[in-house]
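Source file: run_35.txt (compact mmCIF, C-alpha atoms)
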```txt
# COMPACT_ATOMS: atom_id res chain seq x y z
CA MET O 1 112.53 147.89 75.23
CA ARG O 2 115.90 148.21 76.90
CA GLN O 3 116.73 151.69 78.09
CA THR O 4 119.90 153.00 76.48
CA ALA O 5 122.53 155.51 77.45
CA SER O 6 122.37 159.03 76.13
CA ASP O 7 123.65 159.52 72.60
CA LYS O 8 124.95 162.95 73.50
CA PRO O 9 128.29 163.45 71.73
CA ASP O 10 131.37 163.06 73.89
CA GLU O 11 132.54 166.23 75.56
CA ARG O 12 136.25 166.43 74.83
CA PRO O 13 138.44 168.96 76.63
CA CYS O 14 139.85 171.51 74.24
CA ASP O 15 140.54 174.51 76.44
CA SER O 16 144.02 175.76 75.56
CA THR O 17 144.80 176.80 79.12
CA ARG O 18 143.99 173.34 80.39
CA ARG O 19 146.21 171.79 77.75
CA ARG O 20 149.12 174.06 78.63
CA LEU O 21 148.78 173.13 82.28
CA LEU O 22 148.58 169.47 81.34
CA PHE O 23 151.68 169.37 79.24
CA GLY O 24 153.50 171.59 81.68
CA ALA O 25 152.77 168.94 84.29
CA SER O 26 154.10 166.27 81.95
CA ALA O 27 157.48 167.93 82.16
CA LEU O 28 157.54 167.00 85.84
CA PRO O 29 158.92 163.60 86.76
CA VAL O 30 155.51 162.06 86.17
CA VAL O 31 156.79 158.55 85.64
CA ALA O 32 158.44 158.68 89.03
CA GLY O 33 155.00 158.88 90.55
CA LEU O 34 153.89 155.69 88.85
CA GLY O 35 156.10 153.47 90.92
CA LEU O 36 158.88 154.24 88.49
CA THR O 37 161.56 155.00 91.05
CA VAL O 38 164.73 153.12 91.81
CA PRO O 39 164.34 151.55 95.25
CA ALA O 40 166.29 152.96 98.13
CA GLY O 41 169.27 151.06 99.43
CA LYS O 42 172.11 149.72 97.33
CA ALA O 43 170.72 150.64 93.89
CA GLY O 44 173.52 151.33 91.49
CA ALA O 45 176.00 149.12 93.38
CA SER O 46 178.55 147.40 91.16
CA ILE O 47 180.66 144.34 91.89
CA LYS O 48 183.21 142.36 89.94
CA THR O 49 181.97 138.89 89.16
CA SER O 50 182.40 136.12 86.62
CA ALA O 51 178.86 134.85 87.26
CA ARG O 52 176.98 133.29 84.37
CA ILE O 53 173.46 134.79 84.25
CA VAL O 54 170.79 133.43 81.93
CA ILE O 55 167.62 135.42 81.25
CA ALA O 56 164.74 133.43 79.76
CA GLY O 57 162.61 135.88 77.80
CA SER O 58 163.12 139.19 76.00
CA GLY O 59 159.93 141.07 76.78
CA LEU O 60 160.05 144.20 78.87
CA ALA O 61 161.12 142.32 82.02
CA GLY O 62 163.94 140.37 80.37
CA ILE O 63 165.43 143.27 78.44
CA ALA O 64 165.11 145.74 81.32
CA VAL O 65 166.91 143.49 83.79
CA ALA O 66 169.59 142.70 81.19
CA ASN O 67 170.32 146.40 80.73
CA ARG O 68 170.55 147.00 84.46
CA LEU O 69 172.75 143.97 85.13
CA ALA O 70 175.05 144.84 82.22
CA ARG O 71 175.58 148.25 83.75
CA GLU O 72 175.87 147.24 87.39
CA LEU O 73 177.97 144.09 87.15
CA ASP O 74 181.59 144.05 86.02
CA GLY O 75 182.65 140.86 84.25
CA ALA O 76 179.38 138.92 84.35
CA SER O 77 178.41 136.72 81.42
CA ILE O 78 174.79 137.60 80.52
CA THR O 79 172.76 135.51 78.07
CA ILE O 80 169.23 136.21 76.83
CA VAL O 81 167.37 133.22 75.41
CA ASP O 82 164.44 134.18 73.19
CA ARG O 83 163.81 133.88 69.46
CA LYS O 84 161.61 136.95 69.18
CA GLU O 85 163.23 139.78 67.25
CA VAL O 86 160.20 142.10 67.20
CA HIS O 87 159.52 143.87 70.49
CA ASN O 88 155.83 144.59 70.96
CA TYR O 89 154.60 147.39 73.19
CA GLN O 90 151.68 145.34 74.43
CA PRO O 91 150.16 148.07 76.66
CA GLY O 92 149.37 149.86 73.40
CA TYR O 93 147.35 147.00 71.90
CA THR O 94 144.07 148.34 73.31
CA LEU O 95 144.76 151.71 71.66
CA VAL O 96 145.36 150.01 68.30
CA ALA O 97 142.36 147.70 68.72
CA THR O 98 140.00 150.62 69.38
CA GLY O 99 141.19 152.88 66.57
CA VAL O 100 143.22 155.35 68.65
CA TRP O 101 146.77 154.46 67.53
CA PRO O 102 148.29 153.24 64.28
CA VAL O 103 149.99 149.88 64.64
CA ASP O 104 153.52 151.16 64.07
CA LYS O 105 153.45 152.76 67.52
CA VAL O 106 153.58 149.33 69.18
CA ILE O 107 156.34 147.74 67.11
CA ASP O 108 160.05 148.02 67.94
CA ARG O 109 163.09 145.73 67.63
CA ASN O 110 164.78 143.83 70.41
CA SER O 111 168.16 144.42 68.83
CA ASP O 112 167.72 148.15 69.46
CA LEU O 113 166.94 147.63 73.14
CA GLN O 114 169.44 145.04 74.31
CA PRO O 115 172.71 146.08 75.94
CA ARG O 116 176.04 145.59 74.23
CA GLY O 117 178.26 142.73 75.24
CA ILE O 118 175.60 140.15 76.04
CA GLU O 119 174.95 136.89 74.23
CA TRP O 120 171.60 136.58 72.49
CA VAL O 121 170.55 133.01 71.82
CA LYS O 122 167.76 133.23 69.25
CA GLU O 123 165.98 130.10 70.40
CA MET O 124 163.27 129.38 72.95
CA VAL O 125 163.72 127.66 76.28
CA ALA O 126 162.08 124.26 76.00
CA GLU O 127 163.15 122.86 79.35
CA PHE O 128 164.32 124.17 82.72
CA ASP O 129 166.65 121.91 84.70
CA PRO O 130 167.25 123.85 87.92
CA ASP O 131 168.77 120.88 89.73
CA ALA O 132 171.59 120.93 87.18
CA ASN O 133 171.58 124.74 86.80
CA ALA O 134 170.81 124.56 83.10
CA VAL O 135 168.21 125.39 80.46
CA VAL O 136 167.63 123.45 77.27
CA THR O 137 166.54 125.23 74.09
CA ASP O 138 164.15 123.95 71.46
CA SER O 139 167.12 122.98 69.26
CA GLY O 140 168.49 120.82 72.09
CA ARG O 141 171.25 123.22 73.11
CA ARG O 142 172.08 123.03 76.80
CA ILE O 143 173.09 126.29 78.51
CA GLY O 144 174.47 126.29 82.03
CA TYR O 145 174.09 129.13 84.49
CA ASP O 146 175.03 130.28 87.96
CA TYR O 147 171.93 132.46 88.20
CA LEU O 148 168.66 132.33 86.28
CA ILE O 149 166.01 134.98 85.72
CA VAL O 150 162.71 133.64 84.38
CA ALA O 151 160.82 136.26 82.37
CA THR O 152 158.96 134.14 79.84
CA GLY O 153 155.57 135.84 80.06
CA VAL O 154 152.32 133.90 79.80
CA HIS O 155 150.79 131.37 77.44
CA LEU O 156 147.51 132.45 75.85
CA ASP O 157 145.51 129.23 76.08
CA TYR O 158 142.98 129.71 73.29
CA SER O 159 142.82 125.91 73.01
CA GLN O 160 140.45 125.93 76.01
CA ILE O 161 137.84 127.61 73.79
CA GLU O 162 136.32 125.12 71.33
CA GLY O 163 136.33 126.34 67.74
CA MET O 164 138.58 129.32 68.41
CA ASP O 165 140.91 130.24 65.57
CA VAL O 166 143.35 133.08 66.22
CA ASP O 167 143.90 133.44 62.47
CA ALA O 168 140.19 134.26 62.06
CA ILE O 169 140.33 137.35 64.30
CA GLY O 170 138.85 140.27 62.40
CA ARG O 171 136.34 138.16 60.48
CA ASN O 172 132.70 137.45 61.31
CA GLY O 173 132.81 139.76 64.31
CA LEU O 174 135.56 137.76 66.06
CA THR O 175 138.04 139.90 68.00
CA SER O 176 140.76 139.53 70.63
CA VAL O 177 143.23 142.22 71.64
CA TYR O 178 145.83 139.90 73.20
CA PRO O 179 147.67 137.74 70.63
CA SER O 180 149.66 140.23 68.55
CA SER O 181 149.79 143.63 66.93
CA ASP O 182 148.17 142.07 63.84
CA ALA O 183 145.29 140.82 65.99
CA ALA O 184 144.89 144.31 67.45
CA VAL O 185 144.62 145.76 63.93
CA ALA O 186 142.12 143.06 62.96
CA THR O 187 140.13 143.73 66.13
CA TRP O 188 139.79 147.41 65.20
CA LYS O 189 138.71 146.42 61.68
CA ALA O 190 135.89 144.31 63.13
CA MET O 191 134.97 146.95 65.71
CA ASP O 192 134.84 149.65 63.06
CA GLU O 193 132.53 147.51 60.91
CA PHE O 194 130.31 146.69 63.88
CA ARG O 195 129.91 150.24 65.14
CA ARG O 196 128.63 151.44 61.76
CA LYS O 197 125.46 149.36 62.00
CA GLY O 198 125.39 148.23 65.64
CA GLY O 199 123.99 144.96 66.89
CA LYS O 200 124.71 142.51 69.69
CA ALA O 201 128.17 142.53 71.28
CA LEU O 202 129.44 139.90 73.70
CA MET O 203 132.51 140.72 75.81
CA THR O 204 134.27 138.06 77.91
CA LEU O 205 136.59 137.51 80.87
CA PRO O 206 138.09 134.12 81.86
CA ALA O 207 138.53 132.75 85.37
CA THR O 208 142.33 132.49 85.24
CA PRO O 209 144.84 135.20 86.14
CA ILE O 210 145.46 137.33 83.04
CA LYS O 211 147.96 139.96 82.04
CA CYS O 212 146.62 143.50 81.82
CA ALA O 213 143.39 142.66 83.60
CA GLY O 214 142.00 146.03 82.57
CA ALA O 215 142.18 145.30 78.84
CA PRO O 216 138.79 143.51 78.60
CA LEU O 217 137.18 146.42 80.46
CA LYS O 218 138.90 149.10 78.37
CA THR O 219 137.78 147.35 75.19
CA THR O 220 134.20 147.32 76.47
CA PHE O 221 134.24 151.00 77.44
CA MET O 222 135.71 151.96 74.07
CA LEU O 223 133.23 149.81 72.14
CA VAL O 224 130.38 151.70 73.82
CA ASN O 225 132.18 154.96 73.04
CA ARG O 226 132.55 154.05 69.37
CA LEU O 227 128.90 153.04 69.11
CA ARG O 228 127.86 156.34 70.65
CA GLN O 229 130.07 158.29 68.25
CA ALA O 230 128.58 156.41 65.30
CA GLY O 231 125.00 156.98 66.50
CA THR O 232 124.28 153.25 66.75
CA LEU O 233 124.34 152.75 70.53
CA ALA O 234 120.55 152.94 70.82
CA SER O 235 120.16 150.03 68.41
CA SER O 236 122.87 147.91 70.07
CA GLU O 237 123.20 145.54 73.02
CA VAL O 238 126.49 145.10 74.87
CA SER O 239 126.89 142.37 77.48
CA PHE O 240 129.94 141.43 79.53
CA HIS O 241 130.29 137.78 80.58
CA SER O 242 132.70 137.25 83.47
CA ALA O 243 133.70 133.74 84.47
CA LEU O 244 134.26 135.20 87.94
CA GLY O 245 131.99 136.91 90.45
CA VAL O 246 133.61 140.27 89.68
CA VAL O 247 134.93 142.18 86.67
CA PHE O 248 138.00 143.64 88.44
CA SER O 249 139.84 142.35 91.51
CA VAL O 250 140.00 145.67 93.40
CA PRO O 251 136.57 146.07 95.06
CA LYS O 252 136.29 149.85 94.78
CA ILE O 253 137.19 149.78 91.10
CA ASN O 254 134.93 146.81 90.46
CA ASP O 255 131.99 148.74 91.94
CA LYS O 256 132.89 151.88 89.96
CA VAL O 257 133.02 149.99 86.67
CA LEU O 258 129.75 148.21 87.35
CA ALA O 259 128.06 151.53 88.16
CA ASP O 260 129.38 153.10 84.96
CA TRP O 261 128.22 150.14 82.89
CA ALA O 262 124.79 150.20 84.49
CA ALA O 263 124.48 153.85 83.44
CA GLN O 264 125.54 152.88 79.91
CA ASN O 265 123.17 149.90 79.86
CA VAL O 266 125.93 147.30 79.59
CA GLU O 267 124.54 144.04 80.93
CA VAL O 268 126.92 142.07 83.19
CA VAL O 269 126.58 138.31 83.59
CA PHE O 270 128.69 136.79 86.36
CA ASN O 271 130.03 133.22 86.55
CA SER O 272 129.51 132.79 82.82
CA LYS O 273 132.55 131.16 81.18
CA LEU O 274 133.19 131.21 77.44
CA VAL O 275 134.04 127.66 76.32
CA GLY O 276 133.30 127.70 72.60
CA VAL O 277 132.73 129.79 69.50
CA ASN O 278 131.14 128.91 66.18
CA ILE O 279 132.86 131.57 64.11
CA ALA O 280 130.88 131.07 60.92
CA ALA O 281 127.52 131.07 62.71
CA ARG O 282 128.53 133.87 65.13
CA ARG O 283 127.44 131.85 68.14
CA ALA O 284 129.15 131.52 71.51
CA THR O 285 128.85 128.72 74.06
CA LEU O 286 129.07 129.67 77.72
CA VAL O 287 128.97 127.50 80.82
CA THR O 288 127.36 128.35 84.18
CA PRO O 289 128.83 127.17 87.52
CA ASP O 290 126.44 124.19 87.56
CA GLY O 291 127.72 123.03 84.17
CA GLN O 292 124.79 124.24 82.09
CA ARG O 293 125.80 125.15 78.53
CA VAL O 294 124.16 128.27 77.13
CA GLU O 295 124.39 129.44 73.53
CA GLU O 296 124.40 133.14 72.64
CA ASP O 297 124.27 134.64 69.17
CA TYR O 298 126.40 137.72 68.57
CA ASP O 299 127.40 140.20 65.91
CA PHE O 300 130.63 141.09 67.70
CA ILE O 301 132.59 139.14 70.32
CA HIS O 302 135.77 139.94 72.23
CA VAL O 303 137.52 136.75 73.31
CA VAL O 304 139.89 136.91 76.27
CA PRO O 305 141.70 133.57 76.50
CA PRO O 306 142.45 131.70 79.70
CA MET O 307 146.13 132.18 80.55
CA ARG O 308 148.75 130.00 82.16
CA ALA O 309 152.50 129.55 82.33
CA PRO O 310 154.29 128.39 79.16
CA ASP O 311 154.85 124.62 79.05
CA ALA O 312 158.58 124.96 79.74
CA VAL O 313 157.83 126.49 83.14
CA LYS O 314 154.58 124.67 83.86
CA ASN O 315 156.19 121.26 83.36
CA SER O 316 159.37 122.09 85.29
CA PRO O 317 160.37 121.87 88.96
CA LEU O 318 160.23 125.69 89.02
CA ALA O 319 156.43 125.77 88.97
CA TRP O 320 154.27 125.91 92.08
CA GLN O 321 153.62 122.33 93.16
CA GLU O 322 150.57 123.09 95.31
CA GLY O 323 148.24 125.94 96.17
CA ASN O 324 146.30 128.43 94.08
CA PHE O 325 149.05 128.97 91.51
CA ALA O 326 149.79 125.31 90.82
CA ALA O 327 146.95 124.80 88.30
CA GLY O 328 148.39 127.44 85.99
CA GLY O 329 151.95 126.25 86.44
CA TRP O 330 153.08 129.71 87.57
CA LEU O 331 156.64 130.30 88.79
CA GLU O 332 157.04 129.70 92.52
CA VAL O 333 158.61 132.86 93.91
CA ASP O 334 158.54 134.65 97.23
CA ARG O 335 156.06 137.47 96.71
CA GLN O 336 158.34 140.06 98.35
CA THR O 337 161.83 139.24 97.08
CA LEU O 338 160.68 137.54 93.82
CA ARG O 339 163.36 134.92 94.53
CA HIS O 340 162.41 131.30 93.92
CA ARG O 341 161.25 129.66 97.12
CA ARG O 342 163.18 126.41 96.52
CA TYR O 343 166.00 127.37 94.14
CA PRO O 344 167.84 130.34 95.68
CA ASN O 345 169.78 131.18 92.49
CA VAL O 346 166.57 131.70 90.50
CA PHE O 347 164.45 134.86 90.30
CA GLY O 348 161.20 135.61 88.47
CA LEU O 349 160.12 138.78 86.71
CA GLY O 350 156.91 139.84 85.03
CA ASP O 351 153.77 137.96 84.12
CA ILE O 352 155.18 134.48 84.80
CA ASN O 353 155.33 134.97 88.57
CA GLY O 354 152.83 133.12 90.72
CA THR O 355 151.95 136.09 92.89
CA PRO O 356 148.69 137.90 93.66
CA ARG O 357 147.93 140.39 90.88
CA GLY O 358 150.78 142.25 89.21
CA LYS O 359 150.77 141.18 85.54
CA THR O 360 151.36 144.63 84.07
CA ALA O 361 154.23 146.70 82.64
CA ALA O 362 154.06 148.93 85.73
CA THR O 363 154.72 145.89 87.91
CA VAL O 364 157.74 145.06 85.79
CA LYS O 365 159.06 148.58 86.10
CA LYS O 366 158.98 148.69 89.86
CA SER O 367 160.20 145.12 90.36
CA VAL O 368 163.11 145.11 87.89
CA PRO O 369 165.38 147.40 89.96
CA MET O 370 164.51 145.40 93.05
CA VAL O 371 165.32 142.03 91.47
CA THR O 372 168.52 143.49 90.03
CA GLN O 373 169.63 144.56 93.50
CA ASN O 374 168.47 141.32 95.10
CA LEU O 375 170.50 139.32 92.59
CA ILE O 376 173.53 141.51 93.25
CA ASP O 377 173.02 140.87 96.96
CA VAL O 378 172.95 137.11 96.41
CA ILE O 379 176.04 137.19 94.18
CA ALA O 380 177.82 139.12 96.94
CA GLY O 381 176.81 136.53 99.52
CA ARG O 382 174.08 138.61 101.16
CA GLU O 383 170.37 138.05 101.62
CA PRO O 384 168.05 140.00 99.26
CA SER O 385 167.60 143.54 100.57
CA GLN O 386 164.65 144.75 98.48
CA LEU O 387 161.00 143.90 99.11
CA PHE O 388 158.24 144.24 96.53
CA ASP O 389 154.72 145.27 97.56
CA GLY O 390 152.97 144.01 94.41
CA TYR O 391 152.58 147.46 92.89
CA THR O 392 150.62 147.56 89.67
CA SER O 393 148.95 150.26 87.63
CA CYS O 394 146.05 150.28 85.21
CA PRO O 395 145.16 153.36 83.15
CA MET O 396 141.50 152.45 82.72
CA ILE O 397 140.24 154.02 79.49
CA LEU O 398 136.59 155.03 79.84
CA ARG O 399 136.13 156.82 76.52
CA GLU O 400 138.25 158.70 74.03
CA GLY O 401 139.74 161.57 76.01
CA SER O 402 139.04 160.19 79.50
CA ALA O 403 140.54 157.56 81.79
CA MET O 404 141.12 156.60 85.41
CA LEU O 405 144.63 155.98 86.72
CA ILE O 406 144.35 153.02 89.08
CA GLU O 407 147.36 152.01 91.21
CA PHE O 408 147.23 149.26 93.83
CA ASP O 409 149.27 146.63 95.67
CA TYR O 410 149.07 142.90 96.39
CA ASP O 411 146.26 143.41 98.88
CA GLY O 412 144.13 145.45 96.50
CA LYS O 413 144.80 148.64 98.44
CA LEU O 414 144.74 151.75 96.26
CA THR O 415 148.17 153.39 96.24
CA PRO O 416 147.83 156.64 94.27
CA SER O 417 151.17 158.32 93.63
CA LEU O 418 150.19 161.50 91.79
CA PRO O 419 148.42 164.10 93.94
CA MET O 420 146.66 165.64 90.95
CA ILE O 421 144.87 162.39 90.09
CA ASP O 422 142.09 160.81 92.16
CA PRO O 423 142.06 157.09 91.22
CA MET O 424 138.27 157.01 91.59
CA GLN O 425 137.68 159.90 89.18
CA GLU O 426 138.04 159.99 85.42
CA SER O 427 140.35 162.64 84.02
CA TYR O 428 141.82 163.94 80.80
CA PHE O 429 145.26 163.85 82.43
CA ALA O 430 145.02 160.07 82.94
CA TRP O 431 144.01 159.72 79.30
CA VAL O 432 147.04 161.70 78.12
CA MET O 433 149.31 159.61 80.31
CA LYS O 434 148.03 156.48 78.56
CA TYR O 435 147.93 158.06 75.11
CA ARG O 436 151.16 160.05 75.11
CA LEU O 437 153.44 159.56 78.14
CA LEU O 438 153.57 155.87 79.03
CA LYS O 439 155.24 154.60 75.84
CA PRO O 440 158.31 156.86 76.32
CA ALA O 441 158.41 155.78 79.97
CA TYR O 442 158.20 152.12 78.89
CA MET O 443 161.13 152.53 76.52
CA ALA O 444 163.19 154.16 79.27
CA VAL O 445 162.39 151.17 81.48
CA ALA O 446 163.42 148.71 78.78
CA LYS O 447 166.78 150.45 78.41
CA GLY O 448 167.33 150.39 82.16
CA ARG O 449 167.27 154.17 82.50
CA VAL O 450 164.31 154.56 84.86
```
What does this structure look like when you write it as structure tokens?
Amino acid sequence: MRQTASDKPDERPCDSTRRRLLFGASALPVVAGLGLTVPAGKAGASIKTSARIVIAGSGLAGIAVANRLARELDGASITIVDRKEVHNYQPGYTLVATGVWPVDKVIDRNSDLQPRGIEWVKEMVAEFDPDANAVVTDSGRRIGYDYLIVATGVHLDYSQIEGMDVDAIGRNGLTSVYPSSDAAVATWKAMDEFRRKGGKALMTLPATPIKCAGAPLKTTFMLVNRLRQAGTLASSEVSFHSALGVVFSVPKINDKVLADWAAQNVEVVFNSKLVGVNIAARRATLVTPDGQRVEEDYDFIHVVPPMRAPDAVKNSPLAWQEGNFAAGGWLEVDRQTLRHRRYPNVFGLGDINGTPRGKTAATVKKSVPMVTQNLIDVIAGREPSQLFDGYTSCPMILREGSAMLIEFDYDGKLTPSLPMIDPMQESYFAWVMKYRLLKPAYMAVAKGRV
């Protein structure tokens, strides 16, 4: 019989002195320590210009850069192209999907976040024509620009998984935290049902770059936590199938997670790629590196889709034409300036960039002021002055009331910014940052205030 982790109830900090110290610390400029500082140099510079700037996408990256440009440029014509009117706080999806937050905490409106005086084209970019300095919307409207910022985000390619139906999330043990706030709610519904009786859970990770690479791990940690709370962990099996040879790209964190899962009896299967699901039969098909297809029954499955660039970018001249990022159609930018390598009037922001790591909200926060200044430099006839180190941050939830705050750069080097937090140690402070402090910081970023 498989040895299981202890069913000892979670020890949750409740000491009032500790809480006072914690929230006293939160009054400090905590977000500044998370890479949330305006870069040194010419930040805040303002120039008069009649430049036409088009921003493709109205997620955090698109709206944040629009707010900064609207404030720092005098006379520019700024256009956002994106149909989405609901603004989703996607870093909160894992909290909704694991029963920590209600769904209304992750839903806002783009109209409340966008700066005044810009044009909002409520259509989607269907084609990029950088040789003619234009984008074409899905209605056929052609919009010219002098400068373009691509912030389209990623495409969740569920079509690579045979039998997958996003509309079925929440039924028959099928879950996925990524598609929407509704899917996060449905994921919690299925997790809540599963934890009451326990059973066999199958967690997955694809081989492609993904946004919020910690989300599959957080969901696994919290599933174990919920099973323990319900008293059903001893009668359950949890396995994590990674299509890669690791579960996290930073070696020290990868080893830490694997050690924690070994202690919790979470089985890890490497180089095991999810390629199909039979939702009605609750059966998954996985493929090994040698092409062998293996079927696994499950009571609960968390599907993380392969991800790539949206078709409009992938099929355009803006995508990488060769190298590691070409297969996904990612935007070809210089990793330091985030300026396009072949079209000097184009910049990339957020998850769409073909750069090592960096598909998180924290990456957006640190890079938006830099791209804003670099664009101002280019408009003024200068070379970009700001260089990005690939900063990203992952508050890795380990259980309710405990997390690790992991910060690192392009090279996978840990770059902790808060002296009171050791990135290799779990802490209640890191949990509170994820649970209480990061959403207000995110909203300040979106409005261009941080």
Shortest contact to Leu217 (chain O), candidates O:Met404, O:Leu438, O:Val121, O:Val135, atoms counted only C-alpha atoms, goes to O:Met404
**OP:** For CA of Trp431 (chain O) and CA of Met396 (chain O), quote the distance in Å rounded to one decimal.
**Re:**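 Going from CA of Trp431 (chain O) over to CA of Met396 (chain O) covers 8.4 Å.
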With the cut-off set at 9 Å and counting all atoms listed in the file, tabulate each residue of region 218-269 of chain O with an atom at most that distance from an atom of region 416-428 of chain O, showing the nearest atom pair and its distance in Å to one decimal, ordered by chain and increasing number, as a tab-separated table.
```
residue	atom	partner	partner_atom	distance
O:Lys252	CA	O:Met424	CA	8.1
O:Ile253	CA	O:Met424	CA	7.3
O:Lys256	CA	O:Met424	CA	7.6
```
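Residue nearest Ser159 (chain O), chosen from O:Pro317, O:Pro356, O:Gly276, O:Gly390 and counting all atoms listed in the file: O:Gly276.
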Env of Phe248 (chain O): 12 Å cut, atoms = all atoms listed in the file, seq-sep filter 5 positions within chain, self excluded. Answer as a list in words.
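The residues that qualify are Leu205, Pro206, Ala207, Pro209, Ile210, Cys212, Ala213, Gly214, Ala215, Pro216, Leu217, Lys218, Ser242, Ala243, Ile253, Asn254, Asp255, Lys256, Val257, Leu258, Phe270, Arg357, Cys394, Met396, Ile406 and Gly412 of chain O.
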- prompt: Which residue gives the smallest distance to Leu338 (chain O) among O:Gly323, O:Pro384, O:Val313, O:Ala441, with all atoms listed in the file counted?
  reply: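 Among O:Gly323, O:Pro384, O:Val313, O:Ala441, it is O:Pro384 that comes nearest to Leu338 (chain O).
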CA of Asp182 (chain O) to CA of Leu274 (chain O) measures 23.0 Å
Notebook entry, point to check: Which neighbours of region 370-382 of chain O fall inside 10 Å, counting all atoms listed in the file, when residues of the same chain fewer than 3 positions from it are skipped, and could you give them as a ChimeraX atom specification?
Noted result: /O:38-51,53,64-69,72-73,146-149,336-339,344-349,364-367,385-388
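All residues of protein, DNA or RNA that reach within 8 Å of Ile78 (chain O), judged by all atoms listed in the file and not counting those fewer than 5 positions away in the chain, are Arg52, Ile53, Val54, Ile55, Ala66, Ala70, Ile118 and Glu119 of chain O.
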- prompt: Counting only C-alpha atoms, which of O:Glu267, O:Glu383, O:Asp299, O:Asp131 gets nearest to Arg195 (chain O)?
  reply: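 Going through O:Glu267, O:Glu383, O:Asp299, O:Asp131 one by one, the smallest distance to Arg195 (chain O) is for O:Asp299.
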